[in-house]
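Student: Dropping in model_11.cif, which is mmCIF, C-alpha atoms:
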data_input
#
loop_
_atom_site.label_atom_id
_atom_site.label_comp_id
_atom_site.auth_asym_id
_atom_site.auth_seq_id
_atom_site.Cartn_x
_atom_site.Cartn_y
_atom_site.Cartn_z
CA MET S 1 16.73 28.34 -47.60
CA HIS S 2 18.30 24.97 -46.81
CA ALA S 3 19.07 26.14 -43.26
CA LYS S 4 15.41 27.05 -42.66
CA TYR S 5 14.30 23.71 -44.10
CA ASP S 6 16.73 21.81 -41.86
CA LYS S 7 15.49 23.78 -38.85
CA TRP S 8 11.84 23.02 -39.68
CA ARG S 9 12.69 19.35 -40.18
CA ALA S 10 14.53 19.23 -36.86
CA ASN S 11 11.63 20.89 -35.08
CA GLY S 12 9.24 18.48 -36.73
CA THR S 13 11.34 15.53 -35.57
CA ILE S 14 11.34 16.85 -31.99
CA LEU S 15 7.58 17.33 -32.06
CA SER S 16 7.11 13.84 -33.46
CA VAL S 17 9.24 12.32 -30.68
CA LEU S 18 7.38 14.30 -28.03
CA GLY S 19 4.07 13.26 -29.56
CA LEU S 20 5.12 9.61 -29.56
CA LYS S 21 6.17 9.82 -25.90
CA THR S 22 2.82 11.39 -25.01
CA ILE S 23 0.93 8.64 -26.85
CA LEU S 24 2.99 5.92 -25.12
CA PHE S 25 2.46 7.55 -21.72
CA HIS S 26 -1.30 7.71 -22.12
CA SER S 27 -1.39 4.20 -23.60
CA CYS S 28 0.39 2.84 -20.52
CA ARG S 29 -2.09 4.60 -18.25
CA VAL S 30 -5.02 3.16 -20.21
CA MET S 31 -3.54 -0.35 -20.05
CA LEU S 32 -2.97 0.01 -16.29
CA ARG S 33 -6.58 1.07 -15.76
CA PHE S 34 -7.75 -1.82 -17.93
CA LYS S 35 -5.66 -4.28 -15.91
CA ARG S 36 -7.08 -2.93 -12.63
CA ALA S 37 -10.59 -3.29 -14.03
CA ILE S 38 -9.95 -6.94 -14.95
CA ILE S 39 -8.56 -7.64 -11.46
CA TRP S 40 -11.59 -5.93 -9.91
CA LEU S 41 -13.97 -8.09 -11.97
CA ARG S 42 -12.11 -11.27 -11.02
CA ARG S 43 -12.49 -10.41 -7.34
CA ILE S 44 -15.98 -8.96 -7.53
CA GLY S 45 -17.27 -11.41 -4.93
CA HIS S 46 -14.60 -10.46 -2.38
CA GLY S 47 -15.29 -6.82 -1.63
CA ARG S 48 -18.31 -6.82 0.67
CA GLY S 49 -17.28 -9.51 3.08
CA PHE S 50 -19.24 -12.32 1.43
CA GLY S 51 -18.28 -15.63 3.02
CA VAL S 52 -16.37 -14.09 5.93
CA GLN S 53 -17.50 -15.93 9.06
CA SER S 54 -15.59 -13.99 11.73
CA PRO S 55 -17.41 -10.82 12.92
CA ASN S 56 -14.05 -9.13 13.62
CA ASP S 57 -12.65 -9.96 10.19
CA TYR S 58 -15.89 -8.83 8.54
CA HIS S 59 -15.85 -5.55 10.46
CA PHE S 60 -12.23 -4.89 9.47
CA LEU S 61 -12.94 -5.67 5.82
CA ARG S 62 -16.05 -3.49 5.58
CA ASN S 63 -15.18 -0.62 7.95
CA VAL S 64 -11.42 -0.26 7.52
CA ILE S 65 -10.27 -1.67 4.17
CA ASN S 66 -13.34 -0.83 2.09
CA GLU S 67 -14.70 2.05 4.15
CA HIS S 68 -15.96 4.78 1.79
CA TYR S 69 -16.82 7.36 4.44
CA PRO S 70 -14.85 10.59 3.68
CA TYR S 71 -12.77 11.20 6.79
CA TYR S 72 -12.53 14.84 7.78
CA LYS S 73 -8.74 14.87 7.24
CA TYR S 74 -8.93 13.76 3.61
CA ASP S 75 -9.52 17.26 2.24
CA ASP S 76 -6.64 18.76 4.23
CA LEU S 77 -4.27 15.99 3.18
CA ARG S 78 -5.32 16.28 -0.45
CA ASP S 79 -4.27 19.93 -0.36
CA THR S 80 -0.91 19.33 1.35
CA VAL S 81 0.28 15.87 0.25
CA THR S 82 1.22 15.08 -3.35
CA CYS S 83 0.40 11.62 -4.73
CA GLU S 84 1.45 10.17 -8.09
CA ASP S 85 -2.08 9.37 -9.25
CA LYS S 86 -5.61 8.62 -8.10
CA TYR S 87 -4.79 5.04 -7.12
CA SER S 88 -1.80 6.17 -5.03
CA ARG S 89 -4.15 8.54 -3.21
CA LYS S 90 -6.52 5.62 -2.59
CA ILE S 91 -3.66 3.61 -1.05
CA CYS S 92 -2.70 6.57 1.15
CA GLN S 93 -6.27 6.88 2.38
CA LEU S 94 -6.26 3.15 3.14
CA CYS S 95 -3.11 3.66 5.22
CA PHE S 96 -4.86 6.51 7.04
CA ARG S 97 -7.69 4.15 8.03
CA LEU S 98 -5.26 1.40 9.02
CA SER S 99 -3.32 3.86 11.17
CA ASN S 100 -6.52 5.09 12.78
CA HIS S 101 -7.40 1.47 13.56
CA ALA S 102 -3.99 0.40 14.90
CA GLN S 103 -3.11 3.51 16.95
CA ALA S 104 0.51 2.41 16.60
CA ASP S 105 3.44 3.55 18.70
CA PHE S 106 5.84 3.57 15.76
CA PHE S 107 5.73 4.00 11.98
CA LEU S 108 8.53 2.34 10.01
CA ASP S 109 9.03 2.72 6.27
CA ILE S 110 11.50 0.09 5.10
CA ASN S 111 13.47 1.48 2.17
CA THR S 112 10.64 2.96 0.09
CA ASN S 113 10.84 6.59 1.32
CA ASN S 114 7.15 7.07 0.55
CA GLU S 115 6.51 10.51 2.05
CA ALA S 116 2.83 10.50 1.07
CA VAL S 117 2.11 7.30 3.01
CA ARG S 118 4.10 8.63 5.96
CA GLU S 119 2.06 11.85 6.11
CA TYR S 120 -1.25 9.99 5.95
CA VAL S 121 -0.25 7.49 8.65
CA LEU S 122 0.97 10.17 11.05
CA ALA S 123 -2.09 12.37 10.43
CA ALA S 124 -4.40 9.54 11.51
CA CYS S 125 -2.73 8.97 14.89
CA LYS S 126 -0.96 11.78 16.71
CA LYS S 127 0.90 9.46 19.10
CA THR S 128 2.59 7.50 16.29
CA LYS S 129 6.30 8.30 15.99
CA ALA S 130 8.18 7.83 12.71
CA ILE S 131 11.38 5.82 13.17
CA LYS S 132 14.16 4.60 10.88
CA ALA S 133 15.77 1.18 10.76
CA SER S 134 17.85 -0.60 8.14
CA LEU S 135 19.23 -3.44 10.28
CA PRO S 136 17.69 -5.65 12.98
CA ALA S 137 20.10 -4.09 15.49
CA ASP S 138 18.39 -0.71 14.91
CA LEU S 139 15.34 -1.98 16.83
CA PRO S 140 16.16 -1.89 20.57
CA GLU S 141 14.77 -4.55 22.88
CA ALA S 142 12.94 -1.79 24.79
CA TRP S 143 10.50 -1.67 21.85
CA GLN S 144 9.48 -5.30 22.40
CA GLY S 145 5.69 -5.53 22.38
CA LYS S 146 5.15 -2.04 20.96
CA THR S 147 2.55 -1.58 18.24
CA PHE S 148 4.11 -0.98 14.81
CA PHE S 149 2.75 0.30 11.53
CA VAL S 150 5.15 -0.92 8.84
CA TRP S 151 5.12 0.08 5.18
CA CYS S 152 7.49 -1.90 2.99
CA ALA S 153 8.18 -3.39 -0.42
CA TYR S 154 10.36 -6.37 -1.20
CA HIS S 155 14.01 -5.88 -1.99
CA PRO S 156 16.91 -8.33 -1.62
CA GLY S 157 18.15 -8.41 1.96
CA ILE S 158 14.95 -7.15 3.62
CA GLU S 159 14.22 -10.49 5.31
CA PRO S 160 16.31 -10.13 8.54
CA LEU S 161 14.82 -6.72 9.37
CA ILE S 162 11.20 -7.58 8.60
CA SER S 163 11.58 -10.85 10.51
CA LYS S 164 12.76 -8.91 13.58
CA VAL S 165 9.82 -6.51 13.25
CA VAL S 166 7.31 -9.37 12.96
CA GLN S 167 8.70 -11.06 16.05
CA GLN S 168 9.17 -7.90 18.15
CA SER S 169 5.98 -5.99 17.37
CA GLY S 170 2.97 -6.29 19.65
CA GLU S 171 -0.79 -6.62 19.40
CA ARG S 172 -2.67 -4.66 16.70
CA SER S 173 0.51 -4.15 14.70
CA VAL S 174 -0.01 -3.67 10.96
CA ILE S 175 2.41 -4.52 8.15
CA VAL S 176 1.55 -3.27 4.67
CA VAL S 177 3.48 -4.83 1.79
CA ASP S 178 3.36 -2.94 -1.49
CA ARG S 179 3.39 -4.50 -4.99
CA ILE S 180 3.04 -8.10 -3.83
CA TYR S 181 2.40 -9.47 -7.35
CA GLU S 182 5.16 -7.51 -9.08
CA SER S 183 7.37 -10.59 -9.51
CA SER S 184 7.80 -14.14 -8.29
CA GLU S 185 10.21 -12.87 -5.63
CA THR S 186 7.73 -10.33 -4.25
CA LEU S 187 4.96 -12.95 -4.18
CA ASP S 188 7.20 -15.44 -2.36
CA PHE S 189 8.09 -12.72 0.15
CA TRP S 190 4.42 -11.92 0.75
CA ASN S 191 3.42 -15.58 1.14
CA ALA S 192 6.26 -16.23 3.58
CA LEU S 193 5.11 -13.33 5.76
CA ALA S 194 1.46 -14.37 5.57
CA ASP S 195 2.42 -17.90 6.67
CA ASP S 196 4.58 -16.69 9.57
CA SER S 197 3.29 -18.00 12.90
CA HIS S 198 3.36 -14.48 14.40
CA ILE S 199 0.92 -13.18 11.75
CA THR S 200 -2.76 -13.85 12.35
CA ILE S 201 -4.68 -12.30 9.45
CA ALA S 202 -3.56 -11.58 5.89
CA TYR S 203 -5.59 -9.52 3.40
CA ASP S 204 -4.48 -9.85 -0.22
CA LEU S 205 -5.62 -6.73 -2.12
CA TYR S 206 -3.57 -7.76 -5.19
CA HIS S 207 -1.50 -4.57 -5.52
CA THR S 208 -1.00 -4.37 -1.77
CA GLY S 209 -1.12 -6.81 1.14
CA ILE S 210 -2.06 -6.20 4.77
CA LEU S 211 -0.82 -8.32 7.68
CA LEU S 212 -2.24 -8.11 11.21
CA LYS S 213 -0.95 -9.30 14.57
CA GLU S 214 -4.00 -9.98 16.70
CA SER S 215 -3.56 -13.11 18.79
CA ARG S 216 -7.22 -13.46 19.76
CA ARG S 217 -8.24 -14.08 16.14
CA TYR S 218 -7.90 -17.28 14.10
CA LYS S 219 -5.25 -17.43 11.40
CA LYS S 220 -6.76 -16.69 8.01
CA LYS S 221 -5.92 -15.30 4.57
CA TYR S 222 -8.49 -13.31 2.59
CA TYR S 223 -8.53 -12.21 -1.06
CA VAL S 224 -10.12 -8.78 -1.24
CA ASN S 225 -11.50 -6.70 -4.09
CA PHE S 226 -10.15 -3.23 -3.35
#
Please go through the file and, once you have read it, give me the structure as structure tokens.

Tutor:
Amino acid sequence: MHAKYDKWRANGTILSVLGLKTILFHSCRVMLRFKRAIIWLRRIGHGRGFGVQSPNDYHFLRNVINEHYPYYKYDDLRDTVTCEDKYSRKICQLCFRLSNHAQADFFLDINTNNEAVREYVLAACKKTKAIKASLPADLPEAWQGKTFFVWCAYHPGIEPLISKVVQQSGERSVIVVDRIYESSETLDFWNALADDSHITIAYDLYHTGILLKESRRYKKKYYVNF
């Protein structure tokens, strides 16, 4: 009798722990959605290009970053590429549009190993070749002036490689920095890149930042509701 009671009690404890984990998981998801909603409300005036004077910058904001047209590849990629959640899928679709815009020669993922982003970027431009680099020396001088699509997130020691990419990459290159407000270090990293003389336009989407190299445009930083 005591053995059965102990077994029931043990099972009840396990169920209670599992229930608590489920509650915490869903609570975290609710809090994350609430935080995103607050950020969206704070930036509500920065999603439609209000106040953007440059026609090129306005076009990029409306027709690349916040384009809502369902590209024909989205359905195929949804069936074949796994994303963590709905927002991750939204970021991947943004990278698809950026890749379609840049028509880059090379795609470089710096130490995030984000396969979903990689698949979306390569699907948008057939000529883009995925490369690997962990040191500045991994980027040969023959690639000077080539168009790059870079996906990265801050980690200690990334500066020499990203600095080489910024200097070496050519016109229409795109650098996407993930989680720019995650910590003071990530924000400092983002601001340093945005202020770099080689970078022309910076779009701060809060969770993600976009940097463009287009020498014919004036240097500017935008805060975007995404």

Student: Using all atoms listed in the file, which of the listed residues (S:Asn114, S:Asn100, S:Asn225, S:Thr186) sits closest to Arg172 (chain S)?

Tutor: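 Using all atoms listed in the file, the shortest distance to Arg172 (chain S) belongs to S:Asn100.
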
Student: To verify the selection step, state as a PyMOL selection string which residues the PyMOL selection byres ((chain S and resi 95) around 10) yields on this input.

Tutor: chain S and resi 64-65+89-94+96-101+116-122+124+149+151+174+176+210

Student: Where does the PyMOL selection byres ((chain S and resi 132) around 10) land in this file, that is, which residues does it pick, as a PyMOL selection string?

Tutor: chain S and resi 106-111+130-131+133-135+138-139

Student: Need to verify the contact set: Glu182 (chain S), 10 Å, only C-alpha atoms, exclusion of same-chain residues closer than 6 positions in sequence. Can you return it as JSON, numbers by chain?

Tutor: {"S": [154, 206, 207]}

Student: Please write the residues picked by the PyMOL selection byres ((chain S and resi 177) around 6) on this file as a list in words.

Tutor: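 Applying the expression gives Cys152, Ala153, Val176, Asp178, Thr208 and Gly209 of chain S.
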
Student: Between S:Lys164, S:Arg216, S:Lys127, S:His68, which has the minimum distance to Ala102 (chain S) (counting all atoms listed in the file)?

Tutor: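 Nearest to Ala102 (chain S): S:Lys127.
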